[in-house]
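Next comes run-v5.txt, a file with compact mmCIF, C-alpha atoms.
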# COMPACT_ATOMS: atom_id res chain seq x y z
CA MET A 1 12.65 -12.00 191.84
CA LYS A 2 15.54 -14.43 191.41
CA GLU A 3 15.75 -17.51 189.23
CA THR A 4 17.50 -20.83 188.95
CA GLY A 5 18.17 -21.76 185.37
CA ASP A 6 14.82 -22.33 183.69
CA GLU A 7 12.70 -22.10 186.83
CA VAL A 8 11.19 -19.25 188.83
CA CYS A 9 9.61 -19.90 192.21
CA LEU A 10 6.89 -17.86 193.89
CA VAL A 11 6.72 -18.04 197.67
CA ALA A 12 3.43 -17.72 199.52
CA ALA A 13 3.48 -16.47 203.10
CA THR A 14 1.75 -19.59 204.45
CA GLY A 15 0.67 -23.05 203.42
CA VAL A 16 -2.93 -21.85 203.48
CA ALA A 17 -2.13 -19.09 201.00
CA ARG A 18 -0.20 -21.51 198.79
CA ASP A 19 -3.10 -23.99 198.67
CA TRP A 20 -5.64 -21.27 198.00
CA ILE A 21 -3.60 -19.90 195.10
CA ARG A 22 -3.19 -23.37 193.61
CA ARG A 23 -6.95 -24.04 193.77
CA HIS A 24 -8.24 -20.70 192.59
CA ALA A 25 -5.58 -18.71 190.72
CA TRP A 26 -2.68 -20.90 189.64
CA ARG A 27 -3.96 -21.69 186.17
CA ARG A 28 -4.51 -18.02 185.39
CA ILE A 29 -1.12 -17.07 186.84
CA GLY A 30 0.49 -19.67 184.58
CA GLU A 31 -1.29 -18.29 181.52
CA LEU A 32 -0.17 -14.74 182.28
CA TRP A 33 3.38 -15.89 182.98
CA ALA A 34 3.59 -17.80 179.68
CA GLN A 35 2.32 -14.75 177.79
CA ASN A 36 4.76 -12.31 179.38
CA ASP A 37 8.00 -14.23 180.01
CA PRO A 38 10.10 -14.18 176.82
CA LEU A 39 12.55 -16.75 178.26
CA GLY A 40 9.88 -19.43 178.56
CA ARG A 41 10.83 -20.36 182.13
CA THR A 42 8.68 -22.68 184.25
CA LEU A 43 6.92 -21.39 187.34
CA ASP A 44 6.66 -23.07 190.73
CA LEU A 45 4.85 -22.18 193.96
CA LYS A 46 5.94 -22.97 197.49
CA SER A 47 5.16 -21.78 200.99
CA ARG A 48 7.74 -19.84 202.99
CA MET A 49 8.10 -22.81 205.34
CA GLU A 50 9.03 -25.08 202.41
CA VAL A 51 11.61 -22.59 201.19
CA ASP A 52 13.10 -22.15 204.66
CA SER A 53 13.40 -25.89 205.22
CA ALA A 54 14.82 -26.63 201.78
CA PRO A 55 16.39 -23.44 200.38
CA LEU A 56 16.37 -23.11 196.64
CA ALA A 57 19.72 -22.57 194.94
CA GLY A 58 19.51 -18.87 194.32
CA ALA A 59 15.74 -18.77 193.75
CA VAL A 60 13.32 -16.85 195.89
CA ALA A 61 9.61 -16.13 195.56
CA VAL A 62 7.67 -12.95 195.43
CA ALA A 63 7.72 -11.47 198.93
CA ALA A 64 4.68 -11.85 201.18
CA ALA A 65 3.99 -8.13 200.77
CA ASN A 66 3.35 -8.74 197.08
CA LEU A 67 1.06 -11.70 197.64
CA PRO A 68 -2.17 -9.67 197.52
CA GLU A 69 -1.50 -8.90 193.87
CA VAL A 70 -1.81 -12.62 193.15
CA PHE A 71 -5.21 -12.70 194.85
CA GLU A 72 -6.36 -9.81 192.66
CA ILE A 73 -6.46 -12.20 189.70
CA GLU A 74 -9.56 -13.90 191.06
CA ALA A 75 -10.92 -10.62 192.32
CA GLU A 76 -10.71 -9.10 188.82
CA ALA A 77 -9.21 -6.03 190.45
CA THR A 78 -7.25 -3.99 187.95
CA SER A 79 -6.89 -0.61 189.62
CA PRO A 80 -3.50 0.38 191.07
CA VAL A 81 -5.21 1.26 194.33
CA ALA A 82 -6.67 -2.24 194.72
CA ALA A 83 -3.32 -3.86 194.04
CA LYS A 84 -1.91 -2.24 197.19
CA GLN A 85 -4.71 -3.47 199.43
CA GLY A 86 -5.22 -6.63 201.42
CA ARG A 87 -6.76 -9.79 200.07
CA LEU A 88 -9.97 -9.17 198.17
CA LEU A 89 -11.47 -12.60 197.60
CA GLY A 90 -14.18 -12.32 194.97
CA LEU A 91 -14.52 -8.53 194.95
CA GLN A 92 -16.19 -7.43 191.70
CA GLU A 93 -15.38 -4.11 190.08
CA ARG A 94 -18.81 -3.75 188.46
CA LEU A 95 -20.43 -3.65 191.92
CA ASN A 96 -19.68 -0.07 192.90
CA PHE A 97 -21.57 2.98 194.14
CA GLU A 98 -21.95 4.29 190.59
CA THR A 99 -23.96 1.19 189.57
CA PHE A 100 -25.92 0.98 192.82
CA VAL A 101 -29.46 2.34 192.44
CA SER A 102 -30.73 3.85 195.68
CA GLY A 103 -34.29 4.53 196.73
CA PRO A 104 -36.54 4.62 199.81
CA ALA A 105 -36.02 0.90 200.42
CA ASN A 106 -32.24 1.15 200.75
CA GLU A 107 -31.35 4.83 201.07
CA PHE A 108 -30.40 4.60 204.75
CA ALA A 109 -28.15 1.59 204.14
CA PHE A 110 -26.66 3.41 201.16
CA ALA A 111 -25.91 6.49 203.28
CA VAL A 112 -24.32 4.38 206.03
CA ALA A 113 -22.13 2.56 203.51
CA ARG A 114 -20.95 5.83 201.99
CA ARG A 115 -20.10 7.18 205.44
CA VAL A 116 -18.09 4.09 206.40
CA ALA A 117 -16.27 4.20 203.06
CA SER A 118 -15.28 7.81 203.72
CA TRP A 119 -13.46 6.75 206.90
CA ALA A 120 -15.44 9.41 208.79
CA ASP A 121 -15.06 9.62 212.56
CA GLY A 122 -17.92 8.88 214.91
CA HIS A 123 -18.94 5.71 213.08
CA PHE A 124 -20.84 2.78 214.52
CA ASN A 125 -18.82 -0.39 214.84
CA PRO A 126 -19.60 -3.03 213.73
CA VAL A 127 -22.17 -2.32 211.02
CA LEU A 128 -24.51 -5.10 209.89
CA PHE A 129 -26.64 -4.81 206.74
CA HIS A 130 -29.39 -7.41 206.60
CA GLY A 131 -32.10 -8.40 204.15
CA PRO A 132 -33.24 -11.45 202.15
CA TYR A 133 -31.44 -12.86 199.13
CA GLY A 134 -31.26 -10.52 196.16
CA PHE A 135 -31.77 -7.24 198.00
CA GLY A 136 -28.38 -5.73 197.07
CA LYS A 137 -26.32 -6.48 200.18
CA THR A 138 -23.35 -7.91 198.28
CA HIS A 139 -23.42 -4.99 195.84
CA LEU A 140 -23.39 -2.55 198.74
CA LEU A 141 -20.48 -4.32 200.46
CA ASN A 142 -18.44 -4.44 197.25
CA ALA A 143 -19.13 -0.78 196.58
CA LEU A 144 -18.09 0.10 200.13
CA ALA A 145 -14.80 -1.76 199.66
CA TRP A 146 -13.92 -0.04 196.38
CA GLU A 147 -14.80 3.41 197.73
CA ALA A 148 -12.86 2.86 200.97
CA MET A 149 -9.75 1.89 198.99
CA ARG A 150 -10.09 4.87 196.72
CA ASN A 151 -10.45 7.26 199.65
CA ALA A 152 -7.55 5.83 201.65
CA PRO A 153 -5.09 3.86 199.48
CA GLU A 154 -2.70 3.50 202.41
CA LYS A 155 -5.23 1.56 204.51
CA ARG A 156 -5.74 -2.19 204.33
CA VAL A 157 -9.15 -3.47 203.28
CA VAL A 158 -10.05 -7.16 203.50
CA TYR A 159 -13.23 -8.51 201.90
CA LEU A 160 -14.37 -12.13 201.96
CA THR A 161 -17.52 -14.18 202.29
CA ALA A 162 -18.34 -15.99 205.53
CA GLU A 163 -18.05 -19.24 203.58
CA ARG A 164 -14.49 -18.32 202.58
CA PHE A 165 -13.75 -17.28 206.15
CA THR A 166 -14.90 -20.72 207.31
CA SER A 167 -13.08 -22.81 204.72
CA THR A 168 -9.82 -20.86 205.10
CA PHE A 169 -9.99 -21.10 208.88
CA VAL A 170 -10.60 -24.85 208.76
CA LYS A 171 -7.67 -25.25 206.39
CA ALA A 172 -5.50 -23.17 208.72
CA LEU A 173 -6.42 -25.46 211.61
CA GLN A 174 -5.46 -28.51 209.57
CA ASP A 175 -2.15 -26.97 208.53
CA ARG A 176 -1.44 -25.55 211.99
CA GLN A 177 -1.35 -22.08 210.49
CA THR A 178 -4.00 -20.43 212.66
CA GLN A 179 -1.68 -17.62 213.77
CA ALA A 180 -1.05 -16.62 210.17
CA PHE A 181 -4.81 -16.65 209.61
CA LYS A 182 -5.40 -14.43 212.64
CA ASP A 183 -2.66 -12.01 211.62
CA GLU A 184 -4.06 -11.78 208.11
CA LEU A 185 -7.49 -10.62 209.27
CA ARG A 186 -6.59 -8.65 212.38
CA SER A 187 -4.17 -6.43 210.50
CA ALA A 188 -7.05 -5.08 208.41
CA ASP A 189 -8.13 -1.47 208.83
CA LEU A 190 -11.51 -2.46 207.41
CA LEU A 191 -12.83 -6.02 207.45
CA LEU A 192 -15.87 -6.83 205.29
CA ILE A 193 -17.60 -10.20 205.63
CA ASP A 194 -20.53 -11.10 203.38
CA ASP A 195 -23.32 -13.51 204.43
CA VAL A 196 -22.21 -13.88 208.05
CA HIS A 197 -25.27 -16.05 208.73
CA PHE A 198 -23.29 -18.85 207.05
CA VAL A 199 -21.31 -19.39 210.28
CA ALA A 200 -24.47 -20.08 212.31
CA GLY A 201 -24.34 -23.60 213.72
CA LYS A 202 -20.52 -23.78 213.36
CA PRO A 203 -19.20 -23.30 216.93
CA THR A 204 -15.47 -23.29 216.18
CA THR A 205 -15.80 -20.82 213.32
CA GLN A 206 -18.08 -18.61 215.38
CA GLU A 207 -15.51 -18.61 218.18
CA GLU A 208 -12.80 -17.38 215.82
CA LEU A 209 -15.08 -14.80 214.23
CA PHE A 210 -16.07 -13.52 217.67
CA HIS A 211 -12.45 -13.01 218.75
CA THR A 212 -11.59 -11.42 215.39
CA LEU A 213 -14.51 -9.01 215.77
CA ILE A 214 -13.54 -8.10 219.34
CA ALA A 215 -9.86 -7.62 218.45
CA LEU A 216 -10.63 -5.30 215.54
CA VAL A 217 -13.28 -3.22 217.30
CA GLU A 218 -11.16 -2.76 220.44
CA ASP A 219 -8.25 -1.66 218.25
CA GLY A 220 -10.39 0.98 216.56
CA ARG A 221 -10.55 -0.87 213.24
CA ARG A 222 -13.78 -1.14 211.32
CA VAL A 223 -15.98 -4.16 210.65
CA VAL A 224 -18.93 -4.37 208.27
CA MET A 225 -20.98 -7.52 207.67
CA THR A 226 -24.11 -8.64 205.87
CA ALA A 227 -26.69 -11.27 206.81
CA ASP A 228 -30.00 -12.52 205.48
CA ARG A 229 -31.72 -11.74 208.79
CA SER A 230 -31.35 -9.39 211.72
CA PRO A 231 -29.16 -10.66 214.60
CA THR A 232 -32.23 -11.36 216.76
CA GLU A 233 -33.39 -13.90 214.16
CA LEU A 234 -30.04 -15.71 213.89
CA SER A 235 -31.09 -18.29 216.46
CA GLU A 236 -28.29 -20.74 215.64
CA MET A 237 -25.62 -18.13 216.26
CA GLU A 238 -23.93 -18.02 219.67
CA PRO A 239 -25.52 -15.41 221.94
CA ARG A 240 -22.31 -13.46 222.59
CA LEU A 241 -21.53 -13.11 218.88
CA ARG A 242 -25.11 -12.18 218.16
CA SER A 243 -24.99 -9.64 220.99
CA HIS A 244 -21.85 -7.96 219.61
CA LEU A 245 -23.41 -7.74 216.15
CA GLN A 246 -26.38 -5.98 217.73
CA ALA A 247 -24.13 -3.62 219.66
CA GLY A 248 -23.17 -1.61 216.59
CA LEU A 249 -25.50 -0.42 213.83
CA VAL A 250 -28.03 -2.93 212.49
CA CYS A 251 -29.34 -1.64 209.18
CA GLY A 252 -32.16 -3.43 207.37
CA ILE A 253 -32.60 -3.29 203.59
CA GLU A 254 -36.25 -3.42 202.58
CA PRO A 255 -37.70 -4.88 199.37
CA ALA A 256 -37.31 -2.51 196.44
CA ASP A 257 -40.51 -0.58 195.74
CA ARG A 258 -41.85 -0.23 192.22
CA THR A 259 -40.09 3.07 191.53
CA LEU A 260 -36.76 1.62 192.62
CA ARG A 261 -37.30 -1.53 190.55
CA LEU A 262 -37.95 0.60 187.47
CA GLY A 263 -34.79 2.60 188.21
CA ILE A 264 -32.79 -0.63 188.50
CA LEU A 265 -34.15 -1.82 185.15
CA GLU A 266 -33.28 1.44 183.44
CA ARG A 267 -29.73 1.36 184.82
CA LYS A 268 -29.32 -2.29 183.83
CA LEU A 269 -30.62 -1.59 180.33
CA GLN A 270 -28.06 1.19 179.93
CA THR A 271 -25.29 -1.22 180.93
CA LEU A 272 -26.49 -3.92 178.53
CA ALA A 273 -26.89 -1.39 175.73
CA LYS A 274 -23.35 -0.14 176.23
CA GLN A 275 -22.03 -3.70 176.09
CA GLY A 276 -24.13 -4.63 173.05
CA ARG A 277 -23.80 -1.25 171.36
CA PHE A 278 -27.50 -0.56 170.93
CA HIS A 279 -29.80 2.26 172.02
CA PRO A 280 -30.91 1.81 175.67
CA ALA A 281 -34.67 1.98 175.15
CA ALA A 282 -37.59 -0.33 175.84
CA ARG A 283 -41.34 0.10 175.87
CA GLY A 284 -42.66 1.41 179.15
CA GLU A 285 -45.23 -1.38 179.40
CA VAL A 286 -42.47 -4.00 179.14
CA LEU A 287 -40.37 -2.45 181.90
CA GLN A 288 -43.49 -2.02 184.03
CA PHE A 289 -44.36 -5.67 183.51
CA LEU A 290 -40.91 -6.71 184.71
CA ALA A 291 -41.07 -4.37 187.71
CA ASP A 292 -44.49 -5.73 188.71
CA ARG A 293 -43.75 -9.39 188.12
CA PHE A 294 -40.27 -9.74 189.62
CA THR A 295 -40.71 -8.10 193.02
CA ASP A 296 -38.83 -10.39 195.39
CA SER A 297 -35.25 -10.16 194.18
CA VAL A 298 -33.17 -7.62 192.30
CA ARG A 299 -31.19 -10.51 190.82
CA GLU A 300 -34.35 -12.07 189.40
CA LEU A 301 -35.44 -8.69 188.07
CA GLU A 302 -32.13 -8.10 186.29
CA GLY A 303 -32.08 -11.72 185.13
CA ALA A 304 -35.45 -11.28 183.41
CA LEU A 305 -34.14 -8.25 181.52
CA ASN A 306 -30.98 -10.18 180.63
CA THR A 307 -33.17 -12.92 179.14
CA LEU A 308 -35.08 -10.48 176.96
CA VAL A 309 -31.94 -8.75 175.69
CA ALA A 310 -30.25 -12.10 175.04
CA ARG A 311 -33.24 -13.14 172.94
CA VAL A 312 -33.86 -9.97 170.91
CA GLY A 313 -30.65 -7.96 171.33
CA GLY A 314 -30.85 -4.42 169.97
CA ASP A 315 -34.50 -4.96 169.01
CA ILE A 316 -35.49 -4.62 172.68
CA ALA A 317 -36.99 -1.19 171.89
CA ARG A 318 -39.54 -2.81 169.55
CA LEU A 319 -40.41 -5.70 171.87
CA THR A 320 -44.12 -5.74 172.77
CA LEU A 321 -45.59 -6.73 176.11
CA ASP A 322 -47.10 -9.92 174.70
CA GLU A 323 -43.77 -10.91 173.15
CA ALA A 324 -41.95 -10.24 176.44
CA GLN A 325 -44.47 -12.34 178.37
CA ASN A 326 -44.12 -15.21 175.90
CA ILE A 327 -40.33 -15.16 176.15
CA LEU A 328 -40.35 -15.12 179.94
CA ARG A 329 -43.22 -17.56 180.50
CA PRO A 330 -40.93 -20.64 180.78
CA HIS A 331 -38.87 -18.79 183.41
CA LEU A 332 -41.78 -18.00 185.70
CA SER A 333 -41.96 -20.02 188.89
CA CYS A 334 -44.31 -22.95 189.15
CA ASN A 335 -45.97 -21.20 192.06
CA GLU A 336 -46.94 -18.29 189.83
CA ARG A 337 -48.39 -20.54 187.16
CA ARG A 338 -50.65 -22.24 189.73
CA ILE A 339 -52.28 -18.94 190.73
CA THR A 340 -55.86 -18.84 189.50
CA VAL A 341 -58.29 -16.01 188.82
CA ASP A 342 -60.36 -17.26 191.75
CA MET A 343 -57.36 -16.94 194.09
CA ILE A 344 -56.76 -13.41 192.83
CA GLN A 345 -60.38 -12.43 193.41
CA LYS A 346 -60.32 -13.77 196.97
CA ALA A 347 -57.05 -11.95 197.77
CA VAL A 348 -58.32 -8.65 196.35
CA ALA A 349 -61.66 -8.94 198.15
CA GLU A 350 -59.89 -9.60 201.45
CA HIS A 351 -57.45 -6.73 200.90
CA TYR A 352 -60.22 -4.22 200.27
CA GLY A 353 -62.59 -5.63 202.91
CA MET A 354 -65.34 -6.72 200.55
CA LYS A 355 -67.00 -9.89 199.28
CA GLN A 356 -65.69 -11.81 196.29
CA ALA A 357 -69.19 -11.71 194.81
CA ASP A 358 -68.93 -7.90 194.66
CA LEU A 359 -66.14 -8.19 192.10
CA LEU A 360 -68.40 -10.26 189.86
CA SER A 361 -71.47 -8.07 190.35
CA GLU A 362 -72.80 -5.26 188.14
CA ARG A 363 -72.07 -2.64 190.80
CA ARG A 364 -70.15 0.33 189.35
CA ALA A 365 -69.43 2.39 192.46
CA ARG A 366 -65.73 3.29 192.66
CA ALA A 367 -65.39 1.36 195.95
CA VAL A 368 -66.16 -1.78 193.93
CA ALA A 369 -65.05 -0.84 190.42
CA ARG A 370 -61.46 0.05 191.37
CA PRO A 371 -60.74 -3.22 193.23
CA ARG A 372 -62.34 -5.08 190.31
CA GLN A 373 -59.94 -3.35 187.92
CA VAL A 374 -57.01 -4.20 190.18
CA ALA A 375 -58.09 -7.85 190.20
CA MET A 376 -58.37 -7.88 186.40
CA TRP A 377 -54.92 -6.31 186.07
CA LEU A 378 -53.45 -8.94 188.40
CA ALA A 379 -55.15 -11.72 186.43
CA LYS A 380 -53.61 -10.42 183.22
CA GLN A 381 -50.16 -10.11 184.82
CA ILE A 382 -49.99 -13.37 186.75
CA THR A 383 -52.13 -15.92 184.92
CA THR A 384 -51.94 -17.14 181.34
CA ARG A 385 -55.66 -16.49 180.77
CA SER A 386 -56.69 -14.48 177.72
CA LEU A 387 -58.62 -11.22 178.04
CA PRO A 388 -61.94 -12.84 177.01
CA ASP A 389 -61.37 -15.67 179.48
CA ILE A 390 -60.64 -13.22 182.30
CA GLY A 391 -63.77 -11.27 181.40
CA ARG A 392 -65.92 -14.40 181.63
CA ARG A 393 -64.58 -15.04 185.14
CA PHE A 394 -65.62 -11.55 186.20
CA GLY A 395 -69.33 -11.96 185.69
CA GLY A 396 -69.26 -12.50 181.93
CA ARG A 397 -67.71 -9.17 181.02
CA ASP A 398 -66.39 -8.36 177.56
CA HIS A 399 -62.66 -8.50 176.82
CA THR A 400 -62.68 -4.75 176.10
CA THR A 401 -63.71 -4.13 179.71
CA VAL A 402 -60.72 -6.13 180.91
CA LEU A 403 -58.39 -4.30 178.53
CA HIS A 404 -59.69 -0.94 179.81
CA ALA A 405 -59.12 -2.10 183.41
CA VAL A 406 -55.56 -3.19 182.67
CA ARG A 407 -54.71 0.10 180.99
CA ARG A 408 -56.39 2.12 183.73
CA ILE A 409 -54.44 0.42 186.53
CA GLU A 410 -51.20 0.78 184.53
CA ALA A 411 -51.81 4.52 184.38
CA LEU A 412 -52.87 4.83 188.02
CA LYS A 413 -49.77 3.02 189.30
CA GLY A 414 -47.69 5.95 188.14
CA GLU A 415 -50.10 8.59 189.43
CA ASP A 416 -51.61 7.21 192.63
CA PRO A 417 -49.19 5.96 195.34
CA ALA A 418 -52.03 4.15 197.13
CA ILE A 419 -52.85 2.07 194.06
CA ALA A 420 -49.15 1.34 193.51
CA ARG A 421 -48.86 0.10 197.10
CA ASP A 422 -52.02 -2.01 196.84
CA VAL A 423 -50.78 -3.69 193.68
CA ASP A 424 -47.35 -4.30 195.20
CA VAL A 425 -48.79 -5.82 198.37
CA LEU A 426 -51.23 -8.04 196.49
CA MET A 427 -48.55 -9.23 194.08
CA ARG A 428 -46.31 -10.25 196.97
CA LYS A 429 -49.15 -11.95 198.80
CA LEU A 430 -50.21 -13.96 195.77
CA ARG A 431 -46.66 -15.01 195.00
CA GLY A 432 -46.22 -16.21 198.58

Structure re-expressed in C-alpha cells:
Amino acid sequence: MKETGDEVCLVAATGVARDWIRRHAWRRIGELWAQNDPLGRTLDLKSRMEVDSAPLAGAVAVAAANLPEVFEIEAEATSPVAAKQGRLLGLQERLNFETFVSGPANEFAFAVARRVASWADGHFNPVLFHGPYGFGKTHLLNALAWEAMRNAPEKRVVYLTAERFTSTFVKALQDRQTQAFKDELRSADLLLIDDVHFVAGKPTTQEELFHTLIALVEDGRRVVMTADRSPTELSEMEPRLRSHLQAGLVCGIEPADRTLRLGILERKLQTLAKQGRFHPAARGEVLQFLADRFTDSVRELEGALNTLVARVGGDIARLTLDEAQNILRPHLSCNERRITVDMIQKAVAEHYGMKQADLLSERRARAVARPRQVAMWLAKQITTRSLPDIGRRFGGRDHTTVLHAVRRIEALKGEDPAIARDVDVLMRKLRG
C-alpha cells in the first residue's frame, strides 16, 4: 500500500464493488482504520477505472486480489481460511455443521451437504435444497460454505443470496460492468445461492443466472442453491432454468419432527447458557411445550426459547410451564388464540374417525378415551381455557380428569410414536 501525504486510497476492482463497499462496509472499515493507523491518515475509496483515468500521485489501493478481505467485514468471517476465499456476502460463522441439529426430517439433506463440502467426486450438479421458511436451509448452506473452505483453502467459494445476486447484477448493468460481474461469479469453484426463488418473475436476472449456472456446470464447477419450493412449483421461473435446477439433485427438507425440535431446543439452550454463563437446564415440560407449540419454523422455535431466557436469564431451570405459557402468550399468533375447544374436538373426532359426541360421552373404551385425552391435551396447549373450563366442555368432567389426561399424553408422546405423530399432525392442522 502506498500513500500520498495524509491520505491512503483503496482501489476496488470495479465500480460495483466500490459502491457495495461504500453502502455496506465503509463505516466499519473507517472505524478499524482509525483504530489501527497511528499516523491518523484519511482513507479514500475509488474504483480501478477512476484510478486509471486520473492516477493518484504515488498512491495506489489494495489490489483486487485483496478485495475479498474487505467483504469479510460484513460477513463476520475471522478465520484465515475465509480471508483467502471469494466474496462471502452475509455468511455467518455461527451457522456451521457443529451447530446444525440433524434428524429424520433433514438427515438426507445434511448428508448431501457434507458430501458436497468434502469436494468428493461423483457429485450431483447442481444441488437444490428446498423447504418452507425456517426449515434450516440457510444454516445448511452456510455450514456447507465453511466446511468447503476448511477442506480446500485453495479453492474459491462464493456465497450470496438471490436478492444480492439480483441487486448486484442490476447495478452492474447500470454501470456497464456486467463482464466484471460475470467474471466474479464464474471464477468460483463453488457457487452457493440462497433463496433462488427470489429471481422468479425477473426475466433479465433469470437469464443471467441461467447462463452462470450453465457456464459453471459445464466447466466442472459446483453449484448449490436453496428455494422455498421444489422446481416444479416455481411456476414464475423460466422453464429452461427450472429444468436445469431439476437436472441435478433436488433435496427436500421436511418439517422437524418432535424429537428433532427437542434436540434443537437443547442445543440452543446450551449456546445461550454459554453466552449467559448459566447452567443449560430447563424443565422437561417447558421444552416439550415449546416443541409442541412451535412446529412450523425452527426460527420461531428458537425465538420462543430466546424470549424465555431473555426474561428469566439463568433462572430458566426453575421456570414452570404456567410461567412459560404466560410469558409467551403475547407472542402467540392471533390464529392460535382463535382456536376453540369445539374446533379441537371436531378435528380430533375427524382424525380418529369418530363422532364429536363420543368425546363428550361417558364411554371409557380406549378407542374413545385416548382421543378424548389427546383433545384435552390440545385444549390445554392451544387455548387459554383453565382446566375446570376444559373439563366442563368435555361433558362436565372434573379438572383432575383433564390434568390426568394432559399428563398421560405428555408421557405417551415420549413412549408411543403413533401418539406423537397424531399430536403433531393435529397441532399442524389446527394451526393451519

So what do you get for atom CA of Asp315 of chain A versus atom CA of Asp292 of chain A, distance-wise? 22.1 Å

Show me, as CSV, the residues of segment 236-260 of chain A having an atom within 12 Å of segment 181-200 of chain A, each with the closest atom pair and its distance in Å, using all atoms listed in the file.
residue,atom,partner,partner_atom,distance
A:Glu236,CA,A:Ala200,CA,5.1
A:Met237,CA,A:Ala200,CA,4.6
A:Glu238,CA,A:Ala200,CA,7.7
A:Pro239,CA,A:Ala200,CA,10.8
A:Leu241,CA,A:Ala200,CA,10.0
A:Arg242,CA,A:Ala200,CA,9.9
A:Leu245,CA,A:Val196,CA,10.2

Please, which residues in segment 248-345 of chain A fall within 12 Å of segment 206-230 of chain A when counting only C-alpha atoms, and what is the closest atom pair and distance in Å to one decimal for each, ordered by chain then residue number, as a Markdown table?
| residue | atom | partner | partner_atom | distance |
| --- | --- | --- | --- | --- |
| A:Gly248 | CA | A:Val223 | CA | 9.7 |
| A:Leu249 | CA | A:Val224 | CA | 9.5 |
| A:Val250 | CA | A:Ser230 | CA | 7.3 |
| A:Cys251 | CA | A:Ser230 | CA | 8.4 |
| A:Gly252 | CA | A:Ser230 | CA | 7.4 |
| A:Ile253 | CA | A:Asp228 | CA | 9.8 |
| A:Glu254 | CA | A:Arg229 | CA | 11.3 |

Store the residues picked out above in a file with C-alpha atoms, as a compact mmCIF listing (two decimals), in the coordinates of the input.
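Listed below is the output, selection26.txt:
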# COMPACT_ATOMS: atom_id res chain seq x y z
CA GLY A 248 -23.17 -1.61 216.59
CA LEU A 249 -25.50 -0.42 213.83
CA VAL A 250 -28.03 -2.93 212.49
CA CYS A 251 -29.34 -1.64 209.18
CA GLY A 252 -32.16 -3.43 207.37
CA ILE A 253 -32.60 -3.29 203.59
CA GLU A 254 -36.25 -3.42 202.58

Pick from A:Arg94, A:Arg299, A:His279, A:Arg28: nearest to Leu265 of chain A, with all atoms listed in the file counted? A:Arg299

So that I can check the surroundings of segment 377-390 of chain A, please list as a short mmCIF file (atom, residue, chain, number, x, y, z; two decimals) with C-alpha atoms, in the coordinates of the input every protein, DNA and RNA residue that reaches within 7 Å of it, counting only C-alpha atoms and ignoring chain neighbours fewer than 2 positions away.
data_model
loop_
_atom_site.label_atom_id
_atom_site.label_comp_id
_atom_site.auth_asym_id
_atom_site.auth_seq_id
_atom_site.Cartn_x
_atom_site.Cartn_y
_atom_site.Cartn_z
CA GLU A 336 -46.94 -18.29 189.83
CA ARG A 337 -48.39 -20.54 187.16
CA ILE A 339 -52.28 -18.94 190.73
CA THR A 340 -55.86 -18.84 189.50
CA VAL A 341 -58.29 -16.01 188.82
CA ILE A 344 -56.76 -13.41 192.83
CA GLN A 373 -59.94 -3.35 187.92
CA VAL A 374 -57.01 -4.20 190.18
CA ALA A 375 -58.09 -7.85 190.20
CA ARG A 392 -65.92 -14.40 181.63
CA ARG A 393 -64.58 -15.04 185.14
CA PHE A 394 -65.62 -11.55 186.20
CA ASP A 398 -66.39 -8.36 177.56
CA HIS A 399 -62.66 -8.50 176.82
CA VAL A 402 -60.72 -6.13 180.91
CA LEU A 403 -58.39 -4.30 178.53
CA ALA A 405 -59.12 -2.10 183.41
CA VAL A 406 -55.56 -3.19 182.67
CA ILE A 409 -54.44 0.42 186.53
#

Could you jot down the atom CA of Ala247 of chain A to atom CA of Pro153 of chain A separation for me, Å, one decimal place? 28.7 Å

Could you check how far atom CA of Ala17 of chain A sits from atom CA of Ala172 of chain A, in Å to one decimal?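 Between atom CA of Ala17 of chain A and atom CA of Ala172 of chain A the gap works out to 9.4 Å.
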
Once you add 8 Å to each side, what are the centre and edge lengths of the axis-aligned box holding all listed atoms of segment 406-425 of chain A? One decimal in Å, as AutoDock Vina command-line options, if you can.
--center_x -51.9 --center_y 1.4 --center_z 189.7 --size_x 25.0 --size_y 30.4 --size_z 33.4

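Candidate residues A:Asn36, A:Asp296, A:His351, A:Arg18 were compared for distance to Gln177 of chain A, and the nearest is A:Arg18, using only C-alpha atoms.
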
Point (-20.9, -2.5, 194.2), cut-off 7 Å, counting all atoms listed in the file, residues as an mmCIF file with C-alpha atoms, in the coordinates of the input:
data_model
loop_
_atom_site.group_PDB
_atom_site.id
_atom_site.type_symbol
_atom_site.label_atom_id
_atom_site.label_comp_id
_atom_site.auth_asym_id
_atom_site.auth_seq_id
_atom_site.Cartn_x
_atom_site.Cartn_y
_atom_site.Cartn_z
ATOM 1 C CA ARG A 94 -18.810 -3.750 188.460
ATOM 2 C CA LEU A 95 -20.430 -3.650 191.920
ATOM 3 C CA ASN A 96 -19.680 -0.070 192.900
ATOM 4 C CA PHE A 97 -21.570 2.980 194.140
ATOM 5 C CA THR A 99 -23.960 1.190 189.570
ATOM 6 C CA PHE A 100 -25.920 0.980 192.820
ATOM 7 C CA HIS A 139 -23.420 -4.990 195.840
ATOM 8 C CA LEU A 140 -23.390 -2.550 198.740
ATOM 9 C CA LEU A 141 -20.480 -4.320 200.460
ATOM 10 C CA ASN A 142 -18.440 -4.440 197.250
ATOM 11 C CA ALA A 143 -19.130 -0.780 196.580
#

Pick from A:Gly134, A:Glu98, A:Trp20, A:Ser235 nearest to Lys171 of chain A, counting all atoms listed in the file: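 Smallest separation from Lys171 of chain A among the options: A:Trp20.
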
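For the residues A:Tyr159, A:Ala111, A:Val309, A:Lys429, ranking by smallest atom-to-atom distance to Ala347 of chain A using all atoms listed in the file places A:Lys429 first.
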